[in-house]
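A.B. asks: Quick one: the structure is below, and I'll ask about it shortly.
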Amino acid sequence: MRPVTPTLELRGVVKRYGHVAALTDVDFTATAGEVVALVGDNGAGKSTLIKAIAGTHRIDGGRILLDGAPVTIGSPTEASALGIETVYQDLALCDNLDVTANLYLGREKRRKRSLLLDREGMQAHAAAVIADLAAHLPVLDTPVSALSGGQRQAIAVSRAALWGSKIVLLDEPTAALGVAQTVMVYELIRRLRDRGLAIVVISHNMADVFAVADRVTVLRLGRNAGEFRPGADSTDDVVAAITGSRELDRARNESGENA
Amino acid sequence: MKLARTAASGTGTVLIGLIVVWVFFQSLNANFLSARNLSNLLLQIAVLGTLAVGMVMVLILGEIDLSVGAIAGVSAAMLALLITDHGWPAWAAVVAALALGAVIGVIHAVVITAAGIPSFIITLAGLLVWQGVQLWLVGDGGQIPIRDQAIRSIASSYLVPGFGWVVAVLVVAGFAGVRLVRRNRRISHGLTVAPTTTEAAAVAAVAVVVLAITWVLNSYFGIPWVFVLLLALVAAGGVLMTGTTFGRHVIAIGGNREAARRAGIPVRRTVILVFALISAIAALAGIIEASRQFSASNALGGGTLQLNAIAAAVIGGTSLFGGRGRIYHAILGALVVGSVQNGLDLLGEPAAVKNIATGVILVVAVVLDAVSRRRRLARGATE
């Protein structure tokens with residue numbers, strides 16, 4: 001493989017809450033056209049790492065590089081200006097607005113030389129993006145409250161594509177979805193990847209991870225605990241890294257040999 | 001399509017309610033639907049309707065303002081004081097009164113957003129504070145008379161019939177023009193449009209209603225000037241809420257404040273602007289009421305006016321839970337509340353009956369709002 005500059009690279013990132021070290025020397029990369037799964041047990045530091053990338057929390061040490069250039073991400077607004085879009089678990093959608101309005105939330109287009117919204121232009125552009133990414137979405141002037149969980153998730157994810165983001169962070173994208181809707185969201189994630197975005201998926205669900213990820217980064221107790229490839233490594237390998245059972249086995253074996 | 005249908009059904013309920021009220025009072029008193037009484041009704045709802053326009057905005061934002069009556073009172077007192085005691089020209093006093101309203105709104109919103117206190121509490125405190133200031137401005141006399149002819153004529157002049165017809169035709173043409181422009185824009189963007197017959201029917205319906213109202217009012221003194229003012233305010237408010245980024249942000253904040261914040265919407269700035277607007281609109285209502293009374297009294301804006309403004313907004317179809325409502329709900333709700341009070345007046349019923357009747361109608365409207373909200377939530381959860 002030729003060396004590619006990762007779209008996003010974290011080197012030796014440290015984050016402390018008072019005396020508690022949430023992240024210690026964590027390295028993480030995400031490359032364009034790749035889906036990286038970030039996994040780990042509760043408290044492993046996944047959320048902290050995502051919040052650092054999304055600009056919600058500042059890091060206490062280490063560096064964040066975008067396309068090889070060091071950046072500081074001080075706020076969610078700065079993150080989205082840098083092309084980092086985060087889709088949270090609790091879906092930041094406005095139920096009372098329609099699909100188009102939600103896609104353009106906070107970035108509404110106006111007509112030329114006018115203060116008026118370009119409703120028709122937004123709807124036409126949204127229709128094109130939706131047709132390309134998630135054709136199963138219903139009419140664009142349906143209020144979001146009338147949509148299913150999977151459709152809502154699709155809107156939240158499509159928003160990232162609409163804005164030409166480079167990196168999309170998805171926090172537990174299938175946590176509340178049924179089987180068919182989960183497949184739909186996988187499909188959408190692959191389409192975004194094929195468009196050349198770098199996708200980071202945080203998940204507890206091994207089925208999710210092996211269905212959609214090209215690479216798996218495991219965190220354990222705030223440190224890197226291994227890199228895996230779904231084709232080459234098994235679920236057991238990843239689970240072992242998450243729980244640390246390999247280390248226990250090794251420790252047990254070593255102590256056994258010594259005895 | 002679906003959206004249009006839900007909006008239509010919500011508005012449909014109010015219209016049916018209004019027709020029921022009108023039929024009821026007409027059957028008890030044949031004068032109820034006379035040109036003279038309808039003209040009076042429009043004069044009576046001008047202040048209430050104006051206050052309700054601001055209330056709809058603040059309810060859509062997901063907040064409430066309990067101080068609009070007091071702001072109307074204090075602004076009217078300021079207007080009268082500047083004209084009568086300080087000899088200001090009418091236009092300057094009007095500008096000052098509106099500016100005072102806006103400043104009061106900004107003060108409320110800054111406290112609400114900075115301290116994160118519910119608007120309910122801050123505007124309740126505002127109600128007391130501004131009523132106090134109003135008493136202080138009006139002074140011992142209990143009222144400040146206004147002799148300025150321009151101010152006095154706001155609420156007591158009518159459009160001459162010929163000009164009334166011109167305005168009516170312009171309103172219909174404007175409505176048709178907006179529909180046509182929107183239709184052409186949709187076609188040029190390759191979006192679906194309603195059949196021409198549907199569009200024509202909508203324009204025809206509006207034309208019939210507008211021309212009928214004009215005809216009835218012209219058979220008395222003509223269209224009251226304040227009613228034209230109220231319609232213009234509703235039109236401007238409607239464009240602001242549905243056609244601009246600002247309005248879209250207000251609706252988004254009312255729907256899901258956290259989502260709006262994460263999407264980069266300037267929540268605090270939007271909240272401050274909405275409160276500045278509702279308070280300036282309340283000041284306008286105060287000016288209209290002062291014009292009706294030819295004075296600014298210490299009772300102006302007091303009594304049940306404040307609560308009726310909230311009732312009118314909710315009865316008109318605006319949700320108390322935020323995120324849902326249209327500016328024209330203000331006029332519909334004010335018509336229902338105004339018709340009930342006017343009808344009971346005609347029947348010689350005391351204030352007690354009027355208050356009870358308005359309260360009962362408000363409960364019905366709020367229950368309908370809560371039921372439709374629960375149905376929406378249930379649907380969202382099951383699908």
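Residue numbers start at 1 in each chain; chains themselves are named A, B, ... in the order of the structure tokens; ligands are numbered from 1 in the order shown.
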Using only C-alpha atoms and a cut-off of 6 Å, which residues of chain B sit close to chain A? Please list them as a ChimeraX atom specification.
C.D. replies: /B:186,243-244,252,255-256,259,263-265,380,383
A.B. asks: Write out as number ranges by chain the residues lying within 8 Å of Val314 of chain B, counting only C-alpha atoms and excluding same-chain residues fewer than 2 positions away.
C.D. replies: B: 56, 310-312, 316-320, 329, 333, 362, 365-366
A.B. asks: Just write the chosen residues, N, CA and C atoms, as a PDB file, in the first residue's frame.
C.D. replies:
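File produced: selection-v7.pdb:
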ATOM      1  N   VAL B  56     -47.856  34.913  19.250  1.00  0.00           N
ATOM      2  CA  VAL B  56     -47.639  33.738  18.391  1.00  0.00           C
ATOM      3  C   VAL B  56     -46.131  33.532  18.178  1.00  0.00           C
ATOM      4  N   ILE B 310     -52.792  35.719  25.066  1.00  0.00           N
ATOM      5  CA  ILE B 310     -52.277  34.342  25.031  1.00  0.00           C
ATOM      6  C   ILE B 310     -53.385  33.409  24.552  1.00  0.00           C
ATOM      7  N   ALA B 311     -54.602  33.626  25.088  1.00  0.00           N
ATOM      8  CA  ALA B 311     -55.733  32.791  24.689  1.00  0.00           C
ATOM      9  C   ALA B 311     -55.963  32.880  23.184  1.00  0.00           C
ATOM     10  N   ALA B 312     -55.919  34.108  22.631  1.00  0.00           N
ATOM     11  CA  ALA B 312     -56.174  34.286  21.198  1.00  0.00           C
ATOM     12  C   ALA B 312     -55.149  33.518  20.375  1.00  0.00           C
ATOM     13  N   GLY B 316     -56.252  30.353  18.192  1.00  0.00           N
ATOM     14  CA  GLY B 316     -56.006  30.458  16.753  1.00  0.00           C
ATOM     15  C   GLY B 316     -55.275  29.253  16.187  1.00  0.00           C
ATOM     16  N   GLY B 317     -54.649  28.443  17.064  1.00  0.00           N
ATOM     17  CA  GLY B 317     -54.013  27.222  16.571  1.00  0.00           C
ATOM     18  C   GLY B 317     -52.525  27.127  16.859  1.00  0.00           C
ATOM     19  N   THR B 318     -51.956  28.117  17.576  1.00  0.00           N
ATOM     20  CA  THR B 318     -50.531  28.063  17.892  1.00  0.00           C
ATOM     21  C   THR B 318     -50.319  27.187  19.131  1.00  0.00           C
ATOM     22  N   SER B 319     -49.293  26.329  19.069  1.00  0.00           N
ATOM     23  CA  SER B 319     -49.064  25.384  20.154  1.00  0.00           C
ATOM     24  C   SER B 319     -48.383  26.042  21.345  1.00  0.00           C
ATOM     25  N   LEU B 320     -48.828  25.666  22.555  1.00  0.00           N
ATOM     26  CA  LEU B 320     -48.185  26.148  23.778  1.00  0.00           C
ATOM     27  C   LEU B 320     -46.852  25.449  24.005  1.00  0.00           C
ATOM     28  N   HIS B 329     -52.753  32.911  12.843  1.00  0.00           N
ATOM     29  CA  HIS B 329     -53.515  32.367  13.969  1.00  0.00           C
ATOM     30  C   HIS B 329     -53.941  33.489  14.917  1.00  0.00           C
ATOM     31  N   GLY B 333     -57.697  33.752  16.187  1.00  0.00           N
ATOM     32  CA  GLY B 333     -57.964  33.614  17.617  1.00  0.00           C
ATOM     33  C   GLY B 333     -58.593  34.877  18.181  1.00  0.00           C
ATOM     34  N   LEU B 362     -60.685  28.652  25.849  1.00  0.00           N
ATOM     35  CA  LEU B 362     -59.229  28.465  25.930  1.00  0.00           C
ATOM     36  C   LEU B 362     -58.899  27.027  26.321  1.00  0.00           C
ATOM     37  N   ALA B 365     -59.295  24.790  23.407  1.00  0.00           N
ATOM     38  CA  ALA B 365     -58.193  24.949  22.447  1.00  0.00           C
ATOM     39  C   ALA B 365     -56.926  24.265  22.944  1.00  0.00           C
ATOM     40  N   VAL B 366     -56.629  24.426  24.248  1.00  0.00           N
ATOM     41  CA  VAL B 366     -55.403  23.841  24.796  1.00  0.00           C
ATOM     42  C   VAL B 366     -55.489  22.315  24.787  1.00  0.00           C
TER      43      VAL B 366
END
A.B. asks: Would you mind telling me which residue in B:Arg262, B:Gly323, B:Gly142, B:Leu38 lies nearest to Leu300 of chain B when using only C-alpha atoms?
C.D. replies: B:Gly142
A.B. asks: May I ask for the distance between atom CA of Leu197 of chain A and atom CA of Thr31 of chain A, given in Å to one decimal place?
C.D. replies: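 Pair atom CA of Leu197 of chain A / atom CA of Thr31 of chain A returns 8.0 Å.
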A.B. asks: Enumerate as a ChimeraX atom specification all residues of segment 114-207 of chain A assigned to alpha helix (DSSP H) by DSSP on the backbone, naming them with the chain letters and numbers the document uses.
C.D. replies: /A:119-133,149-162,179-194,206-207
